[in-house]
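To be precise, the following lines are entry22.txt, and they hold compact mmCIF, C-alpha atoms.
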```
# COMPACT_ATOMS: atom_id res chain seq x y z
CA MET C 1 122.10 129.91 92.58
CA ARG C 2 125.30 129.36 94.52
CA ALA C 3 123.54 126.95 96.90
CA ASN C 4 122.14 125.06 93.93
CA THR C 5 125.56 124.71 92.34
CA MET C 6 127.06 123.56 95.63
CA LYS C 7 124.26 121.05 95.95
CA ARG C 8 124.91 119.62 92.48
CA ILE C 9 128.62 119.32 93.19
CA GLY C 10 127.87 117.68 96.52
CA VAL C 11 125.49 115.21 94.95
CA PHE C 12 128.00 114.29 92.30
CA ALA C 13 130.83 113.85 94.81
CA ALA C 14 128.69 111.71 97.07
CA LEU C 15 127.36 109.56 94.25
CA GLY C 16 130.85 109.19 92.79
CA LEU C 17 132.18 107.87 96.07
CA VAL C 18 129.25 105.52 96.39
CA LEU C 19 129.87 104.26 92.88
CA LEU C 20 133.48 103.51 93.73
CA VAL C 21 132.37 101.59 96.79
CA LEU C 22 129.77 99.62 94.89
CA TRP C 23 132.25 98.69 92.17
CA SER C 24 134.87 97.65 94.70
CA GLU C 25 132.51 95.62 96.93
CA PRO C 26 133.07 91.92 96.39
CA ARG C 27 130.11 90.15 94.77
CA LEU C 28 129.81 87.80 97.73
CA GLU C 29 129.31 90.76 100.02
CA ALA C 30 126.34 91.90 97.96
CA GLN C 31 124.82 88.46 97.99
CA ALA C 32 125.07 88.34 101.77
CA VAL C 33 122.95 91.47 102.00
CA VAL C 34 120.07 89.55 100.39
CA ALA C 35 119.78 87.61 103.64
CA GLU C 36 119.46 90.77 105.74
CA ARG C 37 116.65 89.35 107.83
CA GLU C 38 116.94 89.93 111.52
CA GLN C 39 114.62 89.63 114.52
CA VAL C 40 115.24 91.87 117.50
CA THR C 41 113.28 91.25 120.70
CA LEU C 42 112.47 94.46 122.56
CA GLY C 43 111.28 92.58 125.62
CA SER C 44 108.87 90.03 127.02
CA VAL C 45 106.10 90.04 129.57
CA ARG C 46 104.23 87.26 131.32
CA VAL C 47 100.44 87.53 131.11
CA GLY C 48 98.97 84.78 133.31
CA ASP C 49 100.86 81.67 132.30
CA ARG C 50 101.68 82.92 128.77
CA MET C 51 104.77 84.75 127.63
CA VAL C 52 104.30 87.60 125.17
CA SER C 53 107.32 89.03 123.35
CA VAL C 54 107.50 92.25 121.39
CA MET C 55 109.93 92.17 118.50
CA ILE C 56 110.88 93.90 115.28
CA ALA C 57 111.45 91.76 112.19
CA TYR C 58 113.82 93.59 109.84
CA GLN C 59 114.26 92.95 106.14
CA ALA C 60 116.46 94.76 103.62
CA ASP C 61 114.29 97.88 103.48
CA SER C 62 111.29 97.13 105.68
CA ALA C 63 110.39 96.28 109.22
CA LEU C 64 107.42 94.76 110.98
CA LEU C 65 106.70 95.27 114.66
CA VAL C 66 105.01 92.15 116.02
CA ALA C 67 103.88 90.57 119.26
CA ALA C 68 104.78 86.90 119.55
CA VAL C 69 102.32 84.69 121.42
CA PRO C 70 102.39 80.94 122.00
CA GLY C 71 100.51 78.96 119.33
CA SER C 72 98.43 75.88 120.04
CA ASP C 73 101.22 73.68 118.65
CA GLY C 74 103.80 75.24 120.95
CA ASN C 75 105.41 77.31 118.19
CA PRO C 76 105.25 81.09 118.31
CA ARG C 77 102.62 82.93 116.33
CA TYR C 78 102.87 86.61 115.43
CA ILE C 79 100.43 89.50 115.67
CA PRO C 80 101.41 92.35 113.30
CA LEU C 81 101.38 95.78 114.93
CA ILE C 82 103.19 98.29 112.67
CA GLY C 83 104.50 97.80 109.13
CA SER C 84 107.29 100.12 108.07
CA THR C 85 108.58 100.87 104.56
CA TYR C 86 112.19 101.28 105.68
CA ARG C 87 114.51 99.22 107.84
CA GLY C 88 113.29 100.75 111.07
CA VAL C 89 110.18 101.68 112.99
CA HIS C 90 109.38 105.18 114.22
CA SER C 91 109.91 105.86 117.92
CA PHE C 92 107.17 104.66 120.19
CA ARG C 93 106.09 103.62 123.64
CA LEU C 94 104.07 100.42 123.57
CA ASP C 95 101.85 99.27 126.43
CA VAL C 96 100.51 95.78 127.03
CA LEU C 97 97.30 95.76 129.07
CA SER C 98 95.33 92.82 130.34
CA PRO C 99 92.53 92.29 132.85
CA HIS C 100 93.08 90.32 136.04
CA SER C 101 91.68 87.21 134.39
CA SER C 102 94.65 87.36 131.96
CA ASP C 103 92.72 85.73 129.15
CA GLU C 104 92.94 88.67 126.76
CA MET C 105 95.19 91.64 126.06
CA TRP C 106 95.26 95.00 124.37
CA ILE C 107 98.44 96.35 122.82
CA ARG C 108 98.50 100.09 122.39
CA THR C 109 100.88 102.94 121.81
CA SER C 110 100.85 105.87 124.18
CA GLU C 111 103.56 107.80 122.30
CA PRO C 112 103.77 109.45 119.82
CA ARG C 113 99.97 109.09 119.75
CA SER C 114 97.53 107.01 121.69
CA GLU C 115 95.95 104.23 119.68
CA VAL C 116 95.16 100.55 120.00
CA LEU C 117 97.26 98.39 117.69
CA ALA C 118 95.90 94.96 118.55
CA TYR C 119 93.50 92.96 120.67
CA TYR C 120 94.00 89.25 121.30
CA HIS C 121 92.06 86.64 123.23
CA PHE C 122 94.60 84.00 124.29
CA GLY C 123 94.12 80.67 122.57
CA ALA C 124 92.34 82.17 119.54
CA GLU C 125 93.64 81.62 116.02
CA THR C 126 92.96 85.23 115.05
CA ALA C 127 93.65 88.70 116.44
CA LEU C 128 92.18 92.12 115.81
CA THR C 129 94.77 94.46 114.35
CA GLN C 130 95.10 97.62 112.30
CA PHE C 131 94.68 95.25 109.34
CA GLY C 132 91.34 94.02 110.73
CA ARG C 133 90.80 90.50 112.04
CA ILE C 134 93.63 88.38 110.77
CA LYS C 135 94.89 84.86 111.30
CA LEU C 136 97.98 84.76 113.49
CA LEU C 137 101.11 84.77 111.35
CA GLU C 138 103.41 81.76 111.28
CA THR C 139 106.35 84.00 110.39
CA PRO C 140 107.18 87.62 111.16
CA PHE C 141 108.22 87.97 107.49
CA PRO C 142 104.90 87.75 105.58
CA GLU C 143 104.80 88.46 101.83
CA HIS C 144 102.11 91.05 102.42
CA LEU C 145 99.49 92.14 104.95
CA SER C 146 96.05 93.21 103.79
CA GLY C 147 93.02 94.53 105.60
CA GLY C 148 91.32 97.51 107.09
CA PRO C 149 90.93 98.81 110.61
CA VAL C 150 87.89 97.63 112.57
CA PRO C 151 86.65 98.77 115.99
CA PHE C 152 88.47 97.16 118.91
CA PRO C 153 86.60 95.85 121.97
CA LYS C 154 86.48 98.51 124.65
CA GLU C 155 88.88 98.10 127.54
CA ASP C 156 87.47 98.26 131.04
CA PRO C 157 89.81 100.82 132.62
CA ASN C 158 88.98 99.52 136.09
CA ALA C 159 89.72 95.91 135.22
CA SER C 160 92.73 96.44 132.94
CA GLN C 161 96.20 96.26 134.32
CA LEU C 162 99.29 97.67 132.65
CA ARG C 163 101.53 94.60 132.36
CA ALA C 164 104.53 96.17 130.65
CA SER C 165 105.71 99.09 128.55
CA PHE C 166 108.26 98.82 125.78
CA TYR C 167 110.23 101.74 124.37
CA HIS C 168 111.84 102.04 120.98
CA TYR C 169 113.90 104.94 119.67
CA ASP C 170 114.36 105.39 115.94
CA ASP C 171 117.35 107.47 114.85
CA LYS C 172 116.33 107.97 111.21
CA MET P 1 106.94 115.04 86.05
CA THR P 2 108.98 113.43 88.79
CA THR P 3 112.10 111.43 88.01
CA ILE P 4 113.75 109.10 90.46
CA GLY P 5 116.93 111.07 89.79
CA ASP P 6 115.29 114.15 91.36
CA ILE P 7 114.53 112.20 94.52
CA LEU P 8 117.90 110.43 94.72
CA ASP P 9 119.73 113.72 94.20
CA GLU P 10 117.82 115.28 97.10
CA PHE P 11 118.43 112.23 99.28
CA PHE P 12 122.16 111.88 98.63
CA SER P 13 122.96 115.57 98.65
CA PRO P 14 125.06 116.81 101.57
CA LEU P 15 122.44 119.57 101.82
CA SER P 16 119.61 117.04 101.83
CA ARG P 17 116.40 118.02 103.59
CA GLU P 18 113.21 116.14 104.40
CA ARG P 19 110.79 116.46 101.55
CA LEU P 20 107.27 115.42 100.64
CA TRP P 21 106.87 114.07 97.11
CA ILE P 22 103.31 113.82 95.82
CA MET P 23 102.94 112.20 92.45
CA PRO P 24 99.44 112.44 90.94
CA GLU P 25 97.79 110.23 88.38
CA GLY P 26 99.36 111.96 85.39
CA ASP P 27 102.91 111.74 86.74
CA ASN P 28 105.42 109.53 84.97
CA TYR P 29 106.45 107.86 88.25
CA THR P 30 102.80 107.02 89.03
CA SER P 31 102.45 105.33 85.65
CA ILE P 32 105.55 103.28 86.43
CA VAL P 33 104.34 102.10 89.85
CA ARG P 34 100.89 101.20 88.45
CA GLY P 35 102.59 98.87 85.99
CA TRP P 36 104.79 97.24 88.64
CA ARG P 37 103.78 93.65 89.46
CA PRO P 38 103.75 94.00 93.31
CA VAL P 39 101.45 97.03 92.98
CA ILE P 40 99.22 95.30 90.42
CA ASP P 41 98.86 92.38 92.87
CA ALA P 42 98.14 94.67 95.84
CA VAL P 43 95.49 96.56 93.84
CA ALA P 44 93.91 93.25 92.78
CA ARG P 45 93.75 92.06 96.42
CA THR P 46 92.14 95.34 97.39
CA LYS P 47 89.53 95.16 94.64
CA ASN P 48 88.78 91.57 95.57
CA HIS P 49 88.16 92.66 99.16
CA LEU P 50 85.87 95.45 97.94
CA GLN P 51 83.89 93.01 95.82
CA MET P 52 83.47 90.59 98.73
CA ASN P 53 82.85 93.23 101.45
CA CYS P 54 81.03 96.10 99.77
CA SER P 55 78.99 97.05 102.83
CA THR P 56 82.12 97.23 104.98
CA TRP P 57 83.70 99.56 102.45
CA SER P 58 80.56 101.64 102.29
CA GLY P 59 80.53 102.02 106.06
CA SER P 60 84.23 102.16 106.95
CA TYR P 61 86.52 102.90 104.02
CA THR P 62 85.07 105.94 102.31
CA THR P 63 87.24 108.86 101.25
CA ASN P 64 87.73 111.77 103.60
CA PRO P 65 88.21 114.65 101.13
CA THR P 66 90.00 116.80 103.70
CA TRP P 67 92.84 114.33 104.21
CA ARG P 68 96.22 115.29 102.76
CA PRO P 69 99.50 113.36 102.79
CA THR P 70 102.13 114.56 105.22
CA MET P 71 105.71 113.82 106.18
CA THR P 72 104.86 111.01 108.58
CA ASP P 73 104.85 107.23 108.62
CA ALA P 74 101.44 107.19 110.32
CA PRO P 75 98.92 105.10 108.37
CA LYS P 76 96.25 106.91 106.39
CA PRO P 77 93.25 106.83 108.75
CA GLY P 78 90.08 105.02 107.75
CA ALA P 79 91.66 103.34 104.74
CA TYR P 80 91.95 99.74 103.64
CA ARG P 81 95.64 98.93 103.53
CA ASP P 82 98.06 96.55 101.92
CA PHE P 83 101.60 96.43 103.31
CA VAL P 84 104.14 94.89 100.92
CA PRO P 85 107.59 94.46 102.50
CA SER P 86 110.65 94.00 100.30
CA PRO P 87 108.87 92.67 97.18
CA PRO P 88 110.67 90.61 94.52
CA GLY P 89 112.97 92.59 92.25
CA THR P 90 114.06 94.97 95.00
CA ASP P 91 116.87 92.81 96.35
CA PRO P 92 120.19 94.57 96.99
CA GLN P 93 121.89 93.03 93.95
CA THR P 94 119.24 94.22 91.48
CA CYS P 95 119.16 97.64 93.10
CA GLN P 96 122.93 97.91 93.15
CA ASN P 97 123.09 97.15 89.43
CA ALA P 98 120.45 99.79 88.62
CA PHE P 99 122.21 102.29 90.85
CA VAL P 100 125.61 101.69 89.25
CA VAL P 101 124.12 102.30 85.79
CA TYR P 102 122.54 105.54 87.02
CA VAL P 103 125.64 106.89 88.75
CA GLY P 104 127.78 105.74 85.85
CA SER P 105 125.65 107.76 83.44
CA LYS P 106 126.01 110.83 85.65
CA ALA P 107 129.76 110.34 85.76
CA ALA P 108 129.85 109.95 81.97
CA ASP P 109 128.12 113.30 81.61
CA VAL P 110 130.97 114.95 83.49
CA VAL P 111 133.86 113.04 81.96
CA LEU P 112 132.78 112.69 78.32
CA PRO P 113 132.38 115.61 75.91
CA GLY P 114 128.89 116.80 75.14
CA THR P 115 125.74 116.10 77.13
CA GLN P 116 125.24 112.49 78.13
CA PRO P 117 121.75 111.31 79.15
CA GLU P 118 121.09 110.09 82.66
CA ILE P 119 120.07 106.44 82.58
CA GLN P 120 117.22 105.83 85.00
CA THR P 121 116.05 102.29 84.47
CA ARG P 122 112.68 100.91 85.53
CA ASP P 123 114.56 98.84 88.13
CA LEU P 124 116.00 102.04 89.57
CA TYR P 125 112.48 103.45 89.97
CA THR P 126 111.08 100.33 91.65
CA CYS P 127 114.20 99.52 93.70
CA SER P 128 114.15 103.00 95.14
CA ILE P 129 110.70 102.22 96.51
CA GLY P 130 111.18 98.64 97.66
CA SER P 131 108.60 98.24 100.42
CA PHE P 132 105.35 100.18 100.27
CA ASN P 133 101.93 100.68 101.82
CA LEU P 134 98.90 100.95 99.58
CA TYR P 135 95.97 102.80 101.17
CA SER P 136 92.57 102.62 99.48
CA THR P 137 89.22 104.27 100.03
CA ALA P 138 86.05 104.69 97.99
CA ASP P 139 85.13 108.16 96.69
CA GLN P 140 81.78 106.81 95.57
CA ILE P 141 80.31 103.38 96.16
CA ASP P 142 77.00 101.71 95.26
CA CYS P 143 76.67 98.17 96.55
CA VAL P 144 73.37 97.59 94.72
CA ALA P 145 74.67 98.76 91.35
CA LYS P 146 78.04 97.17 92.22
CA THR P 147 80.10 100.16 91.18
CA ALA P 148 82.71 102.26 92.94
CA THR P 149 85.33 104.90 92.35
CA MET P 150 88.44 103.96 94.26
CA ASP P 151 91.09 106.36 95.51
CA PHE P 152 94.56 104.80 95.85
CA TRP P 153 97.42 106.34 97.81
CA MET P 154 100.70 104.46 97.79
CA TYR P 155 103.41 105.38 100.29
CA ASN P 156 107.11 104.81 100.79
CA ASN P 157 109.63 106.44 103.05
CA MET P 158 113.13 106.55 101.60
CA SER P 159 115.28 106.86 104.70
CA ARG P 160 118.84 106.22 105.79
CA GLN P 161 117.79 102.69 106.73
CA SER P 162 116.34 102.01 103.28
CA PHE P 163 119.83 101.24 102.07
CA GLY P 164 120.70 98.59 104.63
CA ARG P 165 124.33 98.26 105.60
CA PHE P 166 125.52 100.50 102.77
CA ALA P 167 124.12 103.51 104.60
CA SER P 168 126.74 103.20 107.32
CA HIS P 169 129.61 102.92 104.83
CA PRO P 170 132.13 105.79 105.08
CA ALA P 171 131.36 106.74 101.47
CA PHE P 172 127.94 107.91 102.60
CA ARG P 173 129.38 110.37 105.13
CA LEU P 174 128.97 113.18 102.63
CA SER P 175 125.31 112.41 102.11
CA GLY P 176 122.56 114.03 104.13
CA MET P 177 120.15 111.13 103.53
CA ARG P 178 117.17 112.93 105.04
CA SER P 179 113.87 111.10 104.73
CA GLN P 180 112.01 111.48 101.44
CA TYR P 181 108.27 110.88 101.95
CA MET P 182 106.90 109.59 98.67
CA TRP P 183 103.20 109.37 97.82
CA TRP P 184 101.61 108.26 94.56
CA ASN P 185 97.90 108.85 93.92
CA TRP P 186 95.44 107.60 91.35
CA LYS P 187 91.78 106.69 91.01
CA GLU P 188 89.99 103.83 89.35
CA SER P 189 86.30 103.41 88.58
CA VAL P 190 85.25 99.79 88.85
CA ASP P 191 82.19 97.60 88.51
CA TRP P 192 81.59 93.97 89.35
CA LYS P 193 78.06 93.46 88.02
CA SER P 194 79.14 90.45 86.02
CA GLY P 195 80.87 88.90 89.02
CA THR P 196 84.26 89.89 87.67
CA MET P 197 85.96 93.11 88.73
CA ARG P 198 86.26 95.44 85.74
CA VAL P 199 87.92 98.84 85.41
CA ILE P 200 85.72 101.44 83.71
CA PRO P 201 87.65 104.02 81.68
CA ARG P 202 87.16 107.42 83.28
CA THR P 203 86.61 110.54 81.24
CA GLY P 204 87.45 114.10 82.19
CA VAL P 205 89.75 113.06 85.01
CA ALA P 206 90.25 116.03 87.26
CA ARG P 207 93.77 116.48 88.56
CA ARG P 208 93.81 116.88 92.29
CA TRP P 209 97.31 118.32 92.47
```
Would you mind writing the structure in this file as structure tokens?
Amino acid sequence: MRANTMKRIGVFAALGLVLLVLWSEPRLEAQAVVAEREQVTLGSVRVGDRMVSVMIAYQADSALLVAAVPGSDGNPRYIPLIGSTYRGVHSFRLDVLSPHSSDEMWIRTSEPRSEVLAYYHFGAETALTQFGRIKLLETPFPEHLSGGPVPFPKEDPNASQLRASFYHYDDK
Amino acid sequence: MTTIGDILDEFFSPLSRERLWIMPEGDNYTSIVRGWRPVIDAVARTKNHLQMNCSTWSGSYTTNPTWRPTMTDAPKPGAYRDFVPSPPGTDPQTCQNAFVVYVGSKAADVVLPGTQPEIQTRDLYTCSIGSFNLYSTADQIDCVAKTATMDFWMYNNMSRQSFGRFASHPAFRLSGMRSQYMWWNWKESVDWKSGTMRVIPRTGVARRW
């Protein structure tokens, strides 16, 4: 009972303070938040003669982990890896693997669990992802992503080479 | 019945703890999300995919009855998915306005004599979700008869980062802001014999939760 009362008082105090802040925030400040889009590159790796970058595209309350690959027109194209419903992505270790021929790659997480997130054959217009086979994105800020998981091509453990690992820590 | 006030109170409380919220078909909050345009559109995309790819659904996206939602961001395995990031109407200005009305009504209840009602607008409900994942599977599917019973699970994680820059404001220091894992669940029976996807009213709906 006492804990419940304390909780109610705490909630009210916290919300009251927040209310004061919201009322005192200049309108312009709030408008600026609308444009809270940000791209953060975790790192890049060269696979053959192509550069692959791993980045997180943040919006106000969402995030999309993507791999950027060169498109046929020279502009980057994006392979979606993990969609998150808050402005962050859970902690992970991401591995990029590719055979010696360097014409394809697998992107997989090894922590917190081991699973393939994407397979891409360089030069193709599509990639296999957790959303199925999808056309490479022209922006890391799509309106939506739809699809279902499909089986990924099997890696040949003898032929595949670990090209790079990327780490991300989420402090939610 | 779940109100958004219940969830916000848990989230903003200094004694906040991580919590799993499961809102079944009969819940008020589930009715609200099913009437929300971004969810209506996501459901329509999903049904369209089912209609065009029935055999894929039959082989890959059938319901695993043992699966239960948990406090994790991991995708629901074996489900068709629709990720909708920051849909229209969940911009910071709209959400701020809905939030001010809500907190103002709570303040009025303390300051004014008598009991004042909490004002939880529809915008407050949808803004508090913002981005979501919709996971869909088929409980029953018949590609010859062109009928299916679909099981929808919609997910959002309300976390410290859901509130953008405001979360790091000193005013939030009192708040625990522990993650609230929110799941909404409903089913729909559909047929597309005529070529158009149609929802069949279900009778004797059993409540799972």
* Asked: Contacts of P:Asp142 at 8 Å or less, counting only C-alpha atoms, minus same-chain residues fewer than 5 places along, as an NGL selection string?
  -> :P and (58 or 147-148)
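Atom CA of C:His90 lies 21.3 Å from atom CA of C:Val52.
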Each residue of chain P lying at most 7 Å from chain C should get a row with its shortest atom-to-atom pair and the distance in Å to one decimal, counting all atoms listed in the file; could you produce that, ordered by chain and increasing number, as a Markdown table?
```
| residue | atom | partner | partner_atom | distance |
| --- | --- | --- | --- | --- |
| P:Asp9 | CA | C:Val11 | CA | 6.0 |
| P:Phe12 | CA | C:Val11 | CA | 6.0 |
| P:Ser13 | CA | C:Val11 | CA | 4.5 |
| P:Pro14 | CA | C:Gly10 | CA | 5.8 |
| P:Leu15 | CA | C:Lys7 | CA | 6.3 |
| P:Gly78 | CA | C:Pro149 | CA | 6.9 |
| P:Ala79 | CA | C:Gly148 | CA | 6.3 |
| P:Tyr80 | CA | C:Gly148 | CA | 4.2 |
| P:Arg81 | CA | C:Gly147 | CA | 5.5 |
| P:Asp82 | CA | C:Ser146 | CA | 4.3 |
| P:Phe83 | CA | C:Leu145 | CA | 5.1 |
| P:Val84 | CA | C:His144 | CA | 4.6 |
| P:Pro85 | CA | C:Ser62 | CA | 5.6 |
| P:Ser86 | CA | C:Asp61 | CA | 6.2 |
| P:Asp91 | CA | C:Val34 | CA | 6.1 |
| P:Pro92 | CA | C:Val34 | CA | 6.1 |
| P:Gln93 | CA | C:Ala30 | CA | 6.1 |
| P:Val100 | CA | C:Leu19 | CA | 6.2 |
| P:Val103 | CA | C:Leu15 | CA | 6.4 |
| P:Gly130 | CA | C:Asp61 | CA | 6.6 |
| P:Ser131 | CA | C:Thr85 | CA | 4.9 |
| P:Phe132 | CA | C:Thr85 | CA | 5.4 |
| P:Asn156 | CA | C:Thr85 | CA | 5.6 |
| P:Asn157 | CA | C:Thr85 | CA | 5.9 |
| P:Met158 | CA | C:Tyr86 | CA | 6.7 |
| P:Ser159 | CA | C:Tyr86 | CA | 6.5 |
| P:Arg160 | CA | C:Lys172 | CA | 6.2 |
| P:Gln161 | CA | C:Arg87 | CA | 4.9 |
| P:Ser162 | CA | C:Asp61 | CA | 4.6 |
| P:Phe163 | CA | C:Asp61 | CA | 6.6 |
| P:Gly164 | CA | C:Ala60 | CA | 5.8 |
| P:Ala171 | CA | C:Leu17 | CA | 5.6 |
| P:Phe172 | CA | C:Ala14 | CA | 6.8 |
| P:Leu174 | CA | C:Ala14 | CA | 5.8 |
| P:Ser175 | CA | C:Ala14 | CA | 6.1 |
```
Those selected residues, please, written with C-alpha atoms and delivered as a PDB file, keeping the file's coordinate frame.
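selection-v9.pdb, freshly written:
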```pdb
ATOM      1  CA  ASP P   9     119.730 113.720  94.200  1.00  0.00           C
ATOM      2  CA  PHE P  12     122.160 111.880  98.630  1.00  0.00           C
ATOM      3  CA  SER P  13     122.960 115.570  98.650  1.00  0.00           C
ATOM      4  CA  PRO P  14     125.060 116.810 101.570  1.00  0.00           C
ATOM      5  CA  LEU P  15     122.440 119.570 101.820  1.00  0.00           C
ATOM      6  CA  GLY P  78      90.080 105.020 107.750  1.00  0.00           C
ATOM      7  CA  ALA P  79      91.660 103.340 104.740  1.00  0.00           C
ATOM      8  CA  TYR P  80      91.950  99.740 103.640  1.00  0.00           C
ATOM      9  CA  ARG P  81      95.640  98.930 103.530  1.00  0.00           C
ATOM     10  CA  ASP P  82      98.060  96.550 101.920  1.00  0.00           C
ATOM     11  CA  PHE P  83     101.600  96.430 103.310  1.00  0.00           C
ATOM     12  CA  VAL P  84     104.140  94.890 100.920  1.00  0.00           C
ATOM     13  CA  PRO P  85     107.590  94.460 102.500  1.00  0.00           C
ATOM     14  CA  SER P  86     110.650  94.000 100.300  1.00  0.00           C
ATOM     15  CA  ASP P  91     116.870  92.810  96.350  1.00  0.00           C
ATOM     16  CA  PRO P  92     120.190  94.570  96.990  1.00  0.00           C
ATOM     17  CA  GLN P  93     121.890  93.030  93.950  1.00  0.00           C
ATOM     18  CA  VAL P 100     125.610 101.690  89.250  1.00  0.00           C
ATOM     19  CA  VAL P 103     125.640 106.890  88.750  1.00  0.00           C
ATOM     20  CA  GLY P 130     111.180  98.640  97.660  1.00  0.00           C
ATOM     21  CA  SER P 131     108.600  98.240 100.420  1.00  0.00           C
ATOM     22  CA  PHE P 132     105.350 100.180 100.270  1.00  0.00           C
ATOM     23  CA  ASN P 156     107.110 104.810 100.790  1.00  0.00           C
ATOM     24  CA  ASN P 157     109.630 106.440 103.050  1.00  0.00           C
ATOM     25  CA  MET P 158     113.130 106.550 101.600  1.00  0.00           C
ATOM     26  CA  SER P 159     115.280 106.860 104.700  1.00  0.00           C
ATOM     27  CA  ARG P 160     118.840 106.220 105.790  1.00  0.00           C
ATOM     28  CA  GLN P 161     117.790 102.690 106.730  1.00  0.00           C
ATOM     29  CA  SER P 162     116.340 102.010 103.280  1.00  0.00           C
ATOM     30  CA  PHE P 163     119.830 101.240 102.070  1.00  0.00           C
ATOM     31  CA  GLY P 164     120.700  98.590 104.630  1.00  0.00           C
ATOM     32  CA  ALA P 171     131.360 106.740 101.470  1.00  0.00           C
ATOM     33  CA  PHE P 172     127.940 107.910 102.600  1.00  0.00           C
ATOM     34  CA  LEU P 174     128.970 113.180 102.630  1.00  0.00           C
ATOM     35  CA  SER P 175     125.310 112.410 102.110  1.00  0.00           C
TER      36      SER P 175
END
```
* To do: Enter the distance from atom CA of P:Gln51 to atom CA of C:Thr129, in Å, rounded to one decimal.
  =>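 Interatomic distance, atom CA of P:Gln51 to atom CA of C:Thr129: 21.5 Å.
Distances from C:Trp106, C:Pro112, C:Asp156, C:Tyr78 to C:Arg93 were compared using all atoms listed in the file, and the smallest one belongs to C:Pro112.
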